[in-house]
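K.L.:
I'd like to ask you about the structure that follows.
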Amino acid sequence: MKITIEPTEKQLASWIDTFVPNQDLFLIEEADLAYFERELADVLVVPRSEFMAHAVYKRLQLANSYMYWNIADRMSYVLVAPPEWIERMALQKKQHLLEVQAGSGRGLVFPAPMLPEAPEDFSIEWDGAALIIMQYSWWKKLPIKIKKRFLKEYAVQWDSPECHELPANAPSHLQQFANRYSDSHGSNCLSATLFAVTGHAWMAGEWVHPETFSHGLHRANYSLIEKEAAPGDVVIWINHAGIVQHASFCLGNDLFFNKNGQTFFNPWKVIDENKLDREWSHLDKKVYSCR
């Protein structure tokens with residue numbers, strides 16, 4: 001039977017605290033340096049290559065909130081600023097900086113109708129659309145009720161809240177996570193699958209990379225088979241280089257325990273095989289079974 005899930009009050013409280021980092025990041029191009037020359041004395045101007053290699057700035061919370069993977073190549077620098085910096089900026093320069101953000105591909109840029117309570121000076125017109133650029137300085141001042149409403153609506157854009165009930169004959173340890181959201185960023189499809197295989201709950205919260213995942217499958221005595229997936233089997237999807245891009249745990253009756261992405265907007269949930277095949281049809285599908 002299909003059901004619809006929602007984040008709990010505890011999860012929403014955690015999301016509210018971490019969704020907008022308390023350190024502002026702004027992307028700019030090389031040509032913008034001269035325009036903001038006077039203002040740059042009060043921020044860190046970090047070359048993009050150095051920023052992406054920096055241990056502090058690579059933190060998962062920052063990467064997910066600002067969607068590093070989506071930032072346009074032409075953005076050469078990252079400005080690391082305290083929340084009050086942009087508040088002190090002259091309106092014309094502030095608007096220009098916000099327009100650059102809208103075109104940069106970074107996260108925390110939203111259609112204005114999603115949050116009509118946003119302050120006007122953080123609203124812009126860009127490419128024919130009304131947008132808001134979210135910053136910590138004003139996010140923290142919004143009423144809790146408004147933040148909850150916004151985050152619930154935004155979560156649906158990342159992942160459908162519709163899922164299937166966990167089958168009664170599924171491994172009992174899956175009950176702890178199936179059809180639930182996470183309090184924090186980090187867990188991905190590979191950690192979710194290793195948790196399903198091993199029963200180790202702590203693994204579900206990790207951000208597992210492909211080689212680590214392969215080692216985990218091997219140590220759990222899983223090996224490649226040339227059959228359709230059966231309950232307890234693991235299905236993986238690999239790219240042309242043989243690197244695992246997605247994995248899911250078979251529950252039988254065309255259902256899988258699955259997680260898409262590593263954000264807290266991506267729940268652990270039970271989905272049907274057809275949905276998986278549609279999403280990953282461009283990749284090579286393999287089945288692994290416990291010996």
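Letters A, B, ... go to the chains of the structure tokens in the order shown; residues in each chain start at 1; ligands are counted from 1 in the same order.
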Fewer than 2 positions away in the same chain doesn't count, so skip those; otherwise give me all residues within 9 Å of Phe177 of chain A, counting only C-alpha atoms, as a PDB file with N, CA and C atoms, in the first residue's frame.
P.N.:
```
ATOM      1  N   HIS A 173      15.380  -4.916  11.075  1.00  0.00           N
ATOM      2  CA  HIS A 173      16.197  -3.730  11.360  1.00  0.00           C
ATOM      3  C   HIS A 173      15.873  -2.555  10.435  1.00  0.00           C
ATOM      4  N   LEU A 174      15.202  -2.827   9.319  1.00  0.00           N
ATOM      5  CA  LEU A 174      14.851  -1.744   8.398  1.00  0.00           C
ATOM      6  C   LEU A 174      13.761  -0.834   8.959  1.00  0.00           C
ATOM      7  N   GLN A 175      13.005  -1.331   9.938  1.00  0.00           N
ATOM      8  CA  GLN A 175      11.911  -0.536  10.498  1.00  0.00           C
ATOM      9  C   GLN A 175      12.398   0.787  11.090  1.00  0.00           C
ATOM     10  N   ASN A 179      11.031   4.712   5.284  1.00  0.00           N
ATOM     11  CA  ASN A 179      10.018   5.757   5.135  1.00  0.00           C
ATOM     12  C   ASN A 179      10.152   6.847   6.197  1.00  0.00           C
ATOM     13  N   ARG A 180      11.401   7.263   6.388  1.00  0.00           N
ATOM     14  CA  ARG A 180      11.701   8.318   7.348  1.00  0.00           C
ATOM     15  C   ARG A 180      12.735   9.278   6.758  1.00  0.00           C
ATOM     16  N   TYR A 181      12.649  10.522   7.176  1.00  0.00           N
ATOM     17  CA  TYR A 181      13.664  11.512   6.828  1.00  0.00           C
ATOM     18  C   TYR A 181      14.793  11.459   7.850  1.00  0.00           C
ATOM     19  N   SER A 182      15.892  12.122   7.507  1.00  0.00           N
ATOM     20  CA  SER A 182      17.043  12.197   8.400  1.00  0.00           C
ATOM     21  C   SER A 182      17.092  13.557   9.089  1.00  0.00           C
ATOM     22  N   ALA A 201      23.106  -0.094  12.292  1.00  0.00           N
ATOM     23  CA  ALA A 201      22.357   1.155  12.158  1.00  0.00           C
ATOM     24  C   ALA A 201      23.261   2.365  11.974  1.00  0.00           C
ATOM     25  N   ALA A 204      24.016   3.694   8.453  1.00  0.00           N
ATOM     26  CA  ALA A 204      22.984   4.406   7.689  1.00  0.00           C
ATOM     27  C   ALA A 204      23.234   5.905   7.648  1.00  0.00           C
ATOM     28  N   PRO A 267      14.624  11.040   1.871  1.00  0.00           N
ATOM     29  CA  PRO A 267      14.333  10.055   2.917  1.00  0.00           C
ATOM     30  C   PRO A 267      14.791   8.645   2.536  1.00  0.00           C
ATOM     31  N   TRP A 268      14.961   7.808   3.540  1.00  0.00           N
ATOM     32  CA  TRP A 268      15.055   6.372   3.303  1.00  0.00           C
ATOM     33  C   TRP A 268      13.620   5.913   3.055  1.00  0.00           C
ATOM     34  N   LYS A 269      13.383   5.237   1.964  1.00  0.00           N
ATOM     35  CA  LYS A 269      11.999   4.847   1.721  1.00  0.00           C
ATOM     36  C   LYS A 269      11.902   3.584   0.875  1.00  0.00           C
TER      37      LYS A 269
END
```
K.L.:
Can you list every residue in segment 41-287 of chain A that DSSP puts in helix (DSSP H, G or I), as a VMD selection string?
P.N.:
chain A and resid 41 to 42 48 to 53 60 to 66 68 to 70 86 to 88 91 to 102 112 to 114 120 to 122 136 to 139 144 to 158 172 to 176 189 to 198 201 to 205 210 to 219 273 to 279
K.L.:
Dump C-alpha atoms for the selected residues as a compact mmCIF listing (two decimals), in the first residue's frame?
P.N.:
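As written to disk, result_8.txt reads:
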```txt
# COMPACT_ATOMS: atom_id res chain seq x y z
CA ALA A 41 38.51 44.40 2.46
CA ASP A 42 35.97 43.00 4.95
CA ARG A 48 37.66 28.71 -6.32
CA SER A 49 40.29 25.98 -6.67
CA GLU A 50 41.57 26.70 -3.16
CA PHE A 51 38.03 26.89 -1.79
CA MET A 52 37.06 23.48 -3.17
CA ALA A 53 40.18 21.90 -1.66
CA LEU A 60 28.74 18.60 3.82
CA GLN A 61 26.38 21.19 5.28
CA LEU A 62 27.93 23.96 3.18
CA ALA A 63 28.21 21.80 0.07
CA ASN A 64 24.55 20.74 0.18
CA SER A 65 23.12 24.13 1.10
CA TYR A 66 25.08 25.97 -1.60
CA TYR A 68 28.58 23.19 -5.03
CA TRP A 69 28.06 20.65 -7.81
CA ASN A 70 25.81 23.08 -9.68
CA ILE A 86 25.85 42.29 2.80
CA GLU A 87 23.48 44.20 5.09
CA ARG A 88 25.89 47.17 5.10
CA LEU A 91 21.68 48.96 -2.46
CA GLN A 92 22.93 49.12 -6.06
CA LYS A 93 25.94 46.96 -5.31
CA LYS A 94 23.86 44.61 -3.19
CA GLN A 95 21.42 44.08 -6.05
CA HIS A 96 24.26 43.40 -8.46
CA LEU A 97 25.80 40.86 -6.09
CA LEU A 98 22.45 39.10 -5.68
CA GLU A 99 21.99 39.01 -9.46
CA VAL A 100 25.40 37.37 -9.82
CA GLN A 101 24.29 34.76 -7.27
CA ALA A 102 21.11 34.08 -9.22
CA ALA A 112 9.88 34.34 -4.76
CA PRO A 113 6.38 32.78 -4.46
CA MET A 114 7.87 30.02 -2.28
CA GLU A 120 12.32 43.00 -0.47
CA ASP A 121 16.00 43.89 -0.59
CA PHE A 122 16.84 40.20 -1.08
CA TYR A 136 21.34 33.72 7.32
CA SER A 137 20.79 37.31 8.49
CA TRP A 138 17.11 37.26 7.56
CA TRP A 139 16.37 33.53 7.64
CA ILE A 144 9.28 29.14 13.06
CA LYS A 145 5.89 28.40 11.46
CA ILE A 146 6.99 29.99 8.18
CA LYS A 147 10.31 28.14 8.17
CA LYS A 148 8.55 24.81 8.69
CA ARG A 149 6.10 25.48 5.87
CA PHE A 150 8.89 26.45 3.50
CA LEU A 151 11.09 23.44 4.31
CA LYS A 152 8.20 21.00 3.89
CA GLU A 153 7.44 22.45 0.46
CA TYR A 154 11.10 22.48 -0.55
CA ALA A 155 11.65 18.86 0.55
CA VAL A 156 9.01 17.70 -1.92
CA GLN A 157 11.05 19.25 -4.75
CA TRP A 158 13.99 17.02 -3.87
CA SER A 172 13.25 -6.13 11.09
CA HIS A 173 16.20 -3.73 11.36
CA LEU A 174 14.85 -1.74 8.40
CA GLN A 175 11.91 -0.54 10.50
CA GLN A 176 14.19 2.01 12.19
CA CYS A 189 22.31 5.35 -1.25
CA LEU A 190 25.49 3.36 -0.61
CA SER A 191 25.38 3.72 3.17
CA ALA A 192 21.65 2.91 3.17
CA THR A 193 22.31 -0.28 1.22
CA LEU A 194 25.20 -1.36 3.46
CA PHE A 195 22.97 -0.78 6.49
CA ALA A 196 20.29 -2.97 4.93
CA VAL A 197 22.86 -5.70 4.23
CA THR A 198 24.67 -5.65 7.59
CA ALA A 201 22.36 1.16 12.16
CA TRP A 202 25.31 3.53 12.50
CA MET A 203 26.26 2.88 8.87
CA ALA A 204 22.98 4.41 7.69
CA GLY A 205 24.19 7.87 8.68
CA PRO A 210 32.03 3.65 -4.20
CA GLU A 211 35.23 1.79 -3.24
CA THR A 212 34.22 1.65 0.41
CA PHE A 213 30.84 0.31 -0.68
CA SER A 214 32.44 -2.40 -2.82
CA HIS A 215 34.64 -3.47 0.10
CA GLY A 216 31.57 -3.60 2.33
CA LEU A 217 29.63 -5.78 -0.10
CA HIS A 218 32.59 -8.16 -0.44
CA ARG A 219 32.99 -8.49 3.33
CA GLU A 273 11.47 -1.35 -9.06
CA ASN A 274 9.92 0.44 -12.03
CA LYS A 275 10.76 3.81 -10.48
CA LEU A 276 14.37 2.74 -9.96
CA ASP A 277 14.68 1.46 -13.50
CA ARG A 278 13.29 4.69 -14.93
CA GLU A 279 15.68 6.85 -12.93
```
K.L.:
Choose the residue, out of A:Asp272, A:Leu131, A:Leu44, A:Lys10, that has the smallest atom-to-atom separation from Glu162 of chain A; count only C-alpha atoms.
P.N.:
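Result for the nearest residue to Glu162 of chain A: A:Asp272.
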K.L.:
Run DSSP on the backbone and give me the residues of segment 88-225 of chain A it puts in strand (DSSP E), as a list in words.
P.N.:
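Reading the DSSP output for segment 88-225 of chain A, strand (DSSP E) covers Val109, Phe110, Pro111, Ser123, Ile124, Glu125, Trp126, Ala129, Ala130, Leu131, Ile132, Ile133, Glu162, Cys163, His164, Tyr222, Ser223, Leu224 and Ile225 of chain A.
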K.L.:
Would you mind exporting N, CA and C atoms of the selected residues as an mmCIF file, in the first residue's frame?
P.N.:
```cif
data_model
loop_
_atom_site.group_PDB
_atom_site.id
_atom_site.type_symbol
_atom_site.label_atom_id
_atom_site.label_comp_id
_atom_site.auth_asym_id
_atom_site.auth_seq_id
_atom_site.Cartn_x
_atom_site.Cartn_y
_atom_site.Cartn_z
ATOM 1 N N VAL A 109 18.837 29.839 -3.661
ATOM 2 C CA VAL A 109 18.170 30.772 -4.570
ATOM 3 C C VAL A 109 16.821 30.140 -4.915
ATOM 4 N N PHE A 110 15.730 30.852 -4.658
ATOM 5 C CA PHE A 110 14.407 30.251 -4.779
ATOM 6 C C PHE A 110 13.430 31.172 -5.501
ATOM 7 N N PRO A 111 12.408 30.582 -6.143
ATOM 8 C CA PRO A 111 11.335 31.409 -6.696
ATOM 9 C C PRO A 111 10.670 32.203 -5.573
ATOM 10 N N SER A 123 15.175 40.313 -2.825
ATOM 11 C CA SER A 123 14.373 39.839 -3.951
ATOM 12 C C SER A 123 14.856 40.522 -5.226
ATOM 13 N N ILE A 124 14.950 39.759 -6.293
ATOM 14 C CA ILE A 124 15.429 40.310 -7.563
ATOM 15 C C ILE A 124 14.622 39.739 -8.720
ATOM 16 N N GLU A 125 14.730 40.390 -9.857
ATOM 17 C CA GLU A 125 14.207 39.856 -11.116
ATOM 18 C C GLU A 125 15.388 39.305 -11.892
ATOM 19 N N TRP A 126 15.295 38.045 -12.293
ATOM 20 C CA TRP A 126 16.406 37.439 -13.024
ATOM 21 C C TRP A 126 15.864 36.532 -14.119
ATOM 22 N N ALA A 129 12.189 35.942 -14.089
ATOM 23 C CA ALA A 129 11.581 35.324 -12.910
ATOM 24 C C ALA A 129 11.887 36.138 -11.657
ATOM 25 N N ALA A 130 10.943 36.144 -10.727
ATOM 26 C CA ALA A 130 11.152 36.787 -9.431
ATOM 27 C C ALA A 130 11.807 35.777 -8.496
ATOM 28 N N LEU A 131 12.974 36.127 -7.965
ATOM 29 C CA LEU A 131 13.747 35.207 -7.129
ATOM 30 C C LEU A 131 14.082 35.849 -5.791
ATOM 31 N N ILE A 132 14.381 34.994 -4.817
ATOM 32 C CA ILE A 132 14.928 35.459 -3.546
ATOM 33 C C ILE A 132 16.268 34.765 -3.322
ATOM 34 N N ILE A 133 17.197 35.502 -2.738
ATOM 35 C CA ILE A 133 18.498 34.951 -2.367
ATOM 36 C C ILE A 133 18.493 34.826 -0.847
ATOM 37 N N GLU A 162 5.878 10.199 -1.469
ATOM 38 C CA GLU A 162 5.109 8.969 -1.643
ATOM 39 C C GLU A 162 6.026 7.754 -1.605
ATOM 40 N N CYS A 163 5.590 6.720 -0.924
ATOM 41 C CA CYS A 163 6.369 5.486 -0.830
ATOM 42 C C CYS A 163 5.426 4.330 -0.519
ATOM 43 N N HIS A 164 5.991 3.132 -0.444
ATOM 44 C CA HIS A 164 5.220 1.942 -0.099
ATOM 45 C C HIS A 164 5.473 1.566 1.354
ATOM 46 N N TYR A 222 28.789 -10.815 -0.464
ATOM 47 C CA TYR A 222 27.969 -10.612 -1.659
ATOM 48 C C TYR A 222 28.838 -10.726 -2.904
ATOM 49 N N SER A 223 28.277 -11.350 -3.933
ATOM 50 C CA SER A 223 29.000 -11.494 -5.197
ATOM 51 C C SER A 223 28.036 -11.331 -6.364
ATOM 52 N N LEU A 224 28.589 -11.024 -7.521
ATOM 53 C CA LEU A 224 27.800 -10.778 -8.730
ATOM 54 C C LEU A 224 27.105 -12.052 -9.191
ATOM 55 N N ILE A 225 25.827 -11.932 -9.567
ATOM 56 C CA ILE A 225 25.084 -13.063 -10.115
ATOM 57 C C ILE A 225 24.440 -12.644 -11.435
#
```
K.L.:
For each of A:Pro161, A:Gly107, A:Pro21, A:Gly232, take the minimum atom-to-atom distance to Ile71 of chain A, counting only C-alpha atoms, then give the residue where this is smallest.
P.N.:
A:Gly107
K.L.:
Considering only C-alpha atoms, can you say which of A:Asn169, A:Gln262, A:Asn221, A:Ser104 comes closest to Val234 of chain A?
P.N.:
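Selected residue with least distance to Val234 of chain A: A:Asn221.
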K.L.:
Counting only C-alpha atoms, which residue out of A:Trp15, A:Phe257, A:Tyr57, A:Trp237 sits closest to Lys285 of chain A?
P.N.:
A:Trp237
K.L.:
When distances are computed from only C-alpha atoms, which of A:Gly186, A:Gly252, A:Pro231, A:Pro167 shows the smallest separation from Lys2 of chain A?
P.N.:
A:Pro167
K.L.:
As an exercise, work out the distance from atom CA of Ile3 of chain A to atom CA of Leu166 of chain A in Å and give it to one decimal place.
P.N.:
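Distance between the two atoms: 10.1 Å.
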